[in-house]
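A.B. asks: First, the structure itself, so that you have it in front of you.
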Amino acid sequence: MTKRGKLEIIKDILRIIQKSNGLIKPTPLLRKSGISSASFKEYYTELLQKELIKEKTNPQGKYINLTEKGFRFIERYKTIISFIEEFDL
Amino acid sequence: MRHPIEFLFPPEIGAELIYSFVIVICSLMIYYATKEMYELSSYKGLKYFRLSFLFFALAYFFRYFIQFFLVFFNIQEIIDISPRIIFDTSMFIFLYSSSMAVFCLLYSVMWKKWNHSKQKMYLFNALAIIIALIGTLFRGMLVSLGLNVILLLFVSFILFTAYNENKKKRSKNSLLVIYFALFIFWILNVLSILLPKFLQLYQLAIYLISIFIFMVILYKVLKKTGN
C-alpha cells in the first residue's frame with residue numbers, strides 16, 4: 001500500500017464527514033481516518049482554519065460538519081490532483 | 001513619408017505592444033483559472049506555479065505597456081520626470097519579474113525534491129535582484145549576456161536532471177520540453193532587449209514562438225481546470 005499524500009488524507013477525512021451527514025464526532029472521525037492522533041490533530045486544526053469543516057455543538061456533544069468549501073474540495077479533488085500530475089507540481 | 005498614425009504607433013512598437021498584451025492576458029488567465037484550486041488545496045506547487053505567471057504578467061506589463069502609457073498620456077507634462085528614469089525603472093522591474101517568474105516555475109516543479117526548503121526562494125529573490133541590477137546598469141554589455149547564459153545552463157541542468165528521473169513518464173517529459181522552451185525563450189526575450197541589434201532579425205520569430213508556448217500552457221491549464 002502506498003503512502004497517502006496530504007491532499008488525499010484531507011479528501012478522505014472530508015469524505016468520512018460527508019458520508020456521516022454531519023453526525024460524526026471527533027473521536028470516531030480520528031478512528032476512521034486511519035492516521036495517528038498527533039497527525040489528526042494537525043489536520044483537524046488545519047481544516048477548521050481553512051474553513052473546510054465546522055464544529056456544531058448540541059446537548060449530545062460536538063459534531064463535525066462540512067462547509068460549502070469542504071463540499072467544493074471533494075467535488076474538485078480529482079481535477080486538482082490531475083492538474084498537479086499534469087504540471088508535475 | 002510616414003503616415004501620422006505611424007508616428008504615434010510605429011509598426012515595431014505596435015508589434016511589441018500586441019506581443020506584450022497577449023502574454024499579459026495569457027498569464028493572467030492562467031493565474032485566475034487556477035485561483036479556486038489553490039484556495040481549496042493551499043498546495044505549495046500550485047502557489048508557485050500561479051506566482052510564476054503573475055510575475056510573467058507583471059514583467060510583460062512593464063516591458064512596453066508602462067512606457068507606452070507614459071508617452072501616450074504625456075505624463076511628462078504633469079510630472080517632471082526624465083524618460084531615462086522611467087526606462088531604467090521599467091527595465092529593472094521587467095528583469096526582476098521575468099527572472100522571478102522563471103525561478104518560481106522552477107521551484108513549483110522542484111520544491112519536493114528540494115525538501116520544501118524556503119531558503120531557495122530567498123536565494124532566487126536575491127539572484128533576481130542582482131540580474132535586474134546588472135541588466136539595468138550594464139545594458140548591452142557582455143556581462144549581461146554572460147549572466148544569462150550561466151542562468152540558462154543552471155536551469156537546463158536542473159531540468160535535465162528532472163527529465164532523466166522522469167524518463168518513464170512520457171506526459172511529464174512533454175511538459176518538461178515546454179518548460180525548457182519557455183526558459184530558452186525567456187533568455188532570448190531578455191537578450192532581445194539588452195542587445196537589440198544582436199537579435200533584430202529574429203525578433204518576430206521570437207515573439208511568435210513565445211506566444212505559441214504561452215498559448216500551449218494556457219490551453220493545457222484551461223483543459224485541466226475545466227474552465
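By convention here, the chains of the C-alpha cells are called A, B, ... in the order presented, each chain's residues are numbered starting at 1, and ligands are numbered starting at 1 in the order presented.
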With a cut-off of 10 Å and counting only C-alpha atoms, select all residues of chain B in contact with chain A and give the selection as a PyMOL selection string.
C.D. replies: chain B and resi 34+36-49+105-112+166+171-176+179+217+220-221+223-226
A.B. asks: Among range 35-83 of chain A, which residues carry a DSSP assignment of helix (DSSP H, G or I), reported as a ChimeraX atom specification?
C.D. replies: /A:37-49,68-83
A.B. asks: Applying 8 Å and only C-alpha atoms, which residues near Phe56 in chain B remain after dropping the ones on its own chain fewer than 3 positions away? List them as a PyMOL selection string.
C.D. replies: chain B and resi 23-24+27+52-53+59-60+97-98+101
A.B. asks: Now that the selection is made, can you save its residues with all heavy atoms as a compact mmCIF listing (two decimals), in the first residue's frame?
C.D. replies:
```txt
# COMPACT_ATOMS: atom_id res chain seq x y z
N ILE B 23 0.83 38.14 -24.03
CA ILE B 23 1.50 37.42 -22.94
C ILE B 23 0.86 37.80 -21.60
O ILE B 23 0.61 36.92 -20.76
CB ILE B 23 3.02 37.74 -22.91
CG1 ILE B 23 3.68 37.32 -24.23
CG2 ILE B 23 3.70 37.06 -21.72
CD1 ILE B 23 3.89 35.86 -24.47
N VAL B 24 0.56 39.09 -21.40
CA VAL B 24 -0.07 39.52 -20.14
C VAL B 24 -1.42 38.84 -19.98
O VAL B 24 -1.73 38.29 -18.91
CB VAL B 24 -0.22 41.07 -20.09
CG1 VAL B 24 -1.10 41.51 -18.93
CG2 VAL B 24 1.15 41.73 -19.96
N SER B 27 -1.03 35.05 -19.28
CA SER B 27 -0.52 34.83 -17.93
C SER B 27 -1.61 35.07 -16.89
O SER B 27 -1.78 34.28 -15.96
CB SER B 27 0.66 35.76 -17.64
OG SER B 27 1.66 35.55 -18.58
N SER B 52 4.37 32.33 -10.64
CA SER B 52 5.22 32.43 -11.82
C SER B 52 4.50 33.21 -12.93
O SER B 52 5.08 34.12 -13.54
CB SER B 52 5.57 31.02 -12.29
OG SER B 52 6.06 31.07 -13.58
N PHE B 53 3.23 32.89 -13.17
CA PHE B 53 2.52 33.56 -14.26
C PHE B 53 2.11 34.99 -13.88
O PHE B 53 1.98 35.84 -14.75
CB PHE B 53 1.35 32.70 -14.75
CG PHE B 53 1.86 31.54 -15.54
CD1 PHE B 53 2.10 30.31 -14.95
CD2 PHE B 53 2.20 31.69 -16.88
CE1 PHE B 53 2.64 29.25 -15.66
CE2 PHE B 53 2.75 30.64 -17.60
CZ PHE B 53 2.96 29.42 -17.00
N ALA B 59 5.99 41.33 -15.60
CA ALA B 59 7.18 41.60 -16.42
C ALA B 59 6.79 42.17 -17.77
O ALA B 59 7.33 43.19 -18.20
CB ALA B 59 7.97 40.31 -16.60
N TYR B 60 5.84 41.54 -18.44
CA TYR B 60 5.48 41.99 -19.78
C TYR B 60 4.67 43.28 -19.74
O TYR B 60 4.66 44.03 -20.71
CB TYR B 60 4.80 40.87 -20.57
CG TYR B 60 5.84 39.90 -21.05
CD1 TYR B 60 6.24 38.83 -20.26
CD2 TYR B 60 6.47 40.08 -22.27
CE1 TYR B 60 7.23 37.96 -20.68
CE2 TYR B 60 7.46 39.22 -22.71
CZ TYR B 60 7.84 38.16 -21.90
OH TYR B 60 8.83 37.32 -22.32
N SER B 97 11.05 40.78 -12.49
CA SER B 97 9.83 39.97 -12.56
C SER B 97 10.00 38.75 -13.46
O SER B 97 9.54 37.66 -13.12
CB SER B 97 8.65 40.79 -13.07
OG SER B 97 8.51 41.93 -12.33
N SER B 98 10.66 38.95 -14.61
CA SER B 98 10.80 37.80 -15.51
C SER B 98 11.75 36.76 -14.91
O SER B 98 11.52 35.55 -15.06
CB SER B 98 11.23 38.22 -16.91
OG SER B 98 12.46 38.85 -16.86
N ALA B 101 9.75 34.97 -12.34
CA ALA B 101 8.77 34.09 -12.98
C ALA B 101 9.42 32.74 -13.29
O ALA B 101 8.85 31.68 -13.00
CB ALA B 101 8.26 34.73 -14.26
```
A.B. asks: Using only C-alpha atoms, find the one residue out of B:Arg50, B:Lys118, B:Lys113, B:Arg63 that sits nearest to Leu28 in chain B.
C.D. replies: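 The closest residue to Leu28 in chain B is B:Arg50.
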